[in-house]
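Notes follow the structure.
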There are 2 protein chains.
Amino acid sequence: MARTQGSHSDITGPKIRAVALRLFAQHGYAAVSMRQIAKEVGVQAGALYNYIPDKQSLLVTLMETHMTDVLAAWTARLETLDDADVLHRLEAFTRFHIRFHMERPDAVFIAYMELRNLTPAHFTHIEALRSRYENGLRDILEEGVSAKAFQITDPKITTLAVIGMLNGVMTWYRSGGRLSLEEVETIYWDMVRKAVGA
Amino acid sequence: MARTQGSHSDITGPKIRAVALRLFAQHGYAAVSMRQIAKEVGVQAGALYNYIPDKQSLLVTLMETHMTDVLAAWTARLETLDDADVLHRLEAFTRFHIRFHMERPDAVFIAYMELRNLTPAHFTHIEALRSRYENGLRDILEEGVSAKAFQITDPKITTLAVIGMLNGVMTWYRSGGRLSLEEVETIYWDMVRKAVGA
């Protein structure tokens with residue numbers, strides 16, 4: 001019995017999250033019902049509650065997964081760079097952030113746009129995860145300032161400004177346009193490097 | 001009769017738009033019904049249709065108003081700067097963009113986030129207005145490149161990157177924090193100036 005439930009969960013759980021991600025990104029969290037999610041998954045509305053207690057849990061799970069994924073991926077990338085100087089690490093962050101987020105437009109859209117629909121406790125939780133990720137960039141900037149490699153007035157604001165700039169790529173970049181993503185990364189890296197006074 | 005209707009429109013029309021703006025920003029366009037808008041305005045649902053043909057028209061009107069407002073405000077600002085050099089105009093744009101958008105968080109949120117809910121014709125219309133505004137910045141950047149005042153690889157991409165960076169302020173700035181908006185503008189201007197190689 002436990003094994004059977006486990007097997008169902010293994011397939012149905014991820015399917016529910018994938019469907020919810022797509023529907024929330026397309027229509028907005030508030031416009032999507034649990035019934036609609038169940039229909040697209042191909043289960044009865046009541047059966048959904050075997051996997052997830054409510055729509056809010058689904059939302060926070062999607063955001064949490066996105067934030068822990070990006071944190072884990074950046075940590076792994078950073079480990080491959082341990083001998084790299086601070087400029088090289090800033091370049092790695094720039095390229096990593098653009099590439100990682102471009103591959104997950106729905107998750108990124110939800111992670112920013114549905115914050116308004118989180119309960120206060122969930123909001124605090126997600127914002128703490130986001131801060132941890134942003135601190136990865138801030139650490140690089142502060143190290144660059146200490147090493148006199150960067151000229152930055154305010155590392156905290158510069159962190160937010162750089163992330164804002166990089167996030168902008170997602171609003172306009174379409175593959176098949178005049179520039180490859182690699183070329184776009186290189187142009188953004190040139191601007192980030194200059195913006196931090198390196 | 002015409003005069004009476006006119007008087008009602010003068011009050012009710014703007015009220016409908018203000019309520020729709022707030023509700024769309026709060027819950028998302030797809031989650032808000034015309035009935036809900038009517039209720040908050042204090043009119044019968046049927047009466048709403050005397051002012052606006054449908055919810056889609058309301059959305060495109062809100063976005064169009066936002067884009068024409070920002071275009072008009074920037075044009076007016078630019079006219080006060082006709083003798084200014086290109087660096088001064090870039091600083092003016094940076095400060096203008098942050099200030100104007102910070103004063104209209106709901107309109108900005110909708111202008112970016114509800115593009116997905118526009119009909120294709122409306123999307124084309126709004127994107128054309130946005131391009132006209134972005135071209136105001138692009139003109140400054142291209143002039144700076146011609147004058148050898150800026151070092152920019154790709155003025156089109158730099159335009160989008162600068163606007164992305166500046167838009168980021170809206171996602172994190174709260175008045176009453178450790179920095180005034182003027183101080184934030186100054187930090188961002190320092191980064192923009194460096195990013196364009198000025």
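Residues are named by chain letter and number: chains run A, B, ... in the order of the structure tokens, numbers start at 1 in each chain, and ligands are numbered from 1 in the order shown.
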
For chain A, work out the contacting residues on chain B at 10 Å, counting only C-alpha atoms, and write them as a PyMOL selection string.
-> chain B and resi 25-32+109+112-114+116-117+151-154+157-158+160-173+179+184+186-198

Taking only C-alpha atoms into account, which of A:Ser146, A:Gln44, A:Gln36, A:Thr68 comes nearest Ile126 (chain A)?
->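 Counting only C-alpha atoms, the residue closest to Ile126 (chain A) is A:Thr68.
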
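Among the candidate residues B:Leu71, B:Gly13, B:Gly177, B:Phe24, the one lying nearest to Ala47 (chain B) is B:Gly13, with distances computed using only C-alpha atoms.
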
Give me the residues within 12 Å of Leu59 (chain B) as a VMD selection string, counting only C-alpha atoms and dropping any in the same chain fewer than 2 places off.
-> chain B and resid 16 to 25 28 to 30 32 34 52 to 57 61 to 66 107 110 to 119 122 to 123 126

Please write the residues from the selection above to a file, keeping C-alpha atoms, as an mmCIF file, in the first residue's frame.
data_model
loop_
_atom_site.group_PDB
_atom_site.id
_atom_site.type_symbol
_atom_site.label_atom_id
_atom_site.label_comp_id
_atom_site.auth_asym_id
_atom_site.auth_seq_id
_atom_site.Cartn_x
_atom_site.Cartn_y
_atom_site.Cartn_z
ATOM 1 C CA ILE B 16 -13.696 52.782 -12.988
ATOM 2 C CA ARG B 17 -10.142 53.012 -14.277
ATOM 3 C CA ALA B 18 -8.739 53.704 -10.795
ATOM 4 C CA VAL B 19 -10.605 50.739 -9.299
ATOM 5 C CA ALA B 20 -9.614 48.438 -12.186
ATOM 6 C CA LEU B 21 -5.967 49.491 -11.846
ATOM 7 C CA ARG B 22 -5.953 48.671 -8.154
ATOM 8 C CA LEU B 23 -7.805 45.362 -8.511
ATOM 9 C CA PHE B 24 -5.752 44.171 -11.518
ATOM 10 C CA ALA B 25 -2.509 44.993 -9.667
ATOM 11 C CA GLY B 28 -4.193 39.921 -11.565
ATOM 12 C CA TYR B 29 -6.324 40.752 -14.600
ATOM 13 C CA ALA B 30 -7.667 37.229 -15.124
ATOM 14 C CA VAL B 32 -10.942 40.178 -11.549
ATOM 15 C CA MET B 34 -16.413 43.202 -14.334
ATOM 16 C CA ILE B 52 -16.308 50.618 -21.219
ATOM 17 C CA PRO B 53 -17.134 47.851 -23.735
ATOM 18 C CA ASP B 54 -15.313 45.041 -21.915
ATOM 19 C CA LYS B 55 -12.515 44.086 -19.515
ATOM 20 C CA GLN B 56 -9.943 43.860 -22.316
ATOM 21 C CA SER B 57 -10.646 47.494 -23.287
ATOM 22 C CA THR B 61 -6.723 51.695 -21.764
ATOM 23 C CA LEU B 62 -4.810 51.453 -18.490
ATOM 24 C CA MET B 63 -1.617 50.384 -20.241
ATOM 25 C CA GLU B 64 -2.017 52.969 -23.009
ATOM 26 C CA THR B 65 -2.574 55.727 -20.436
ATOM 27 C CA HIS B 66 0.541 54.671 -18.559
ATOM 28 C CA ALA B 107 0.487 50.973 -13.366
ATOM 29 C CA ILE B 110 0.315 45.966 -14.871
ATOM 30 C CA ALA B 111 2.264 47.422 -17.803
ATOM 31 C CA TYR B 112 4.823 44.627 -17.539
ATOM 32 C CA MET B 113 2.900 41.749 -16.053
ATOM 33 C CA GLU B 114 -0.355 41.782 -17.972
ATOM 34 C CA LEU B 115 1.146 41.884 -21.474
ATOM 35 C CA ARG B 116 0.278 38.175 -21.617
ATOM 36 C CA ASN B 117 -3.416 39.055 -21.347
ATOM 37 C CA LEU B 118 -3.546 41.535 -24.237
ATOM 38 C CA THR B 119 -5.027 40.526 -27.577
ATOM 39 C CA HIS B 122 -3.404 45.451 -28.381
ATOM 40 C CA PHE B 123 -0.030 43.903 -27.595
ATOM 41 C CA ILE B 126 1.376 48.831 -26.407
#

Please, what distance in Å, to one decimal, runs between CA of Ser33 (chain B) and CA of Glu103 (chain B)?
-> 26.3 Å

Would you please extract all alpha helix (DSSP H) residues from region 62-131 of chain B, as assigned by DSSP on the backbone, and give them as a PyMOL selection string?
-> chain B and resi 62-79+86-102+105-113+120-131

Figure out the distance between CA of Glu183 (chain B) and CA of Phe100 (chain B), please, to one decimal in Å.
->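 It comes out at 15.4 Å.
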
Please measure the separation of CA of His125 (chain B) and CA of Val108 (chain B), giving the value in Å to one decimal.
-> 16.7 Å

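Shortest atom-to-atom contact with His97 (chain B) among B:Leu81, B:Val70, B:Thr75, B:Phe150: B:Val70, counting only C-alpha atoms.
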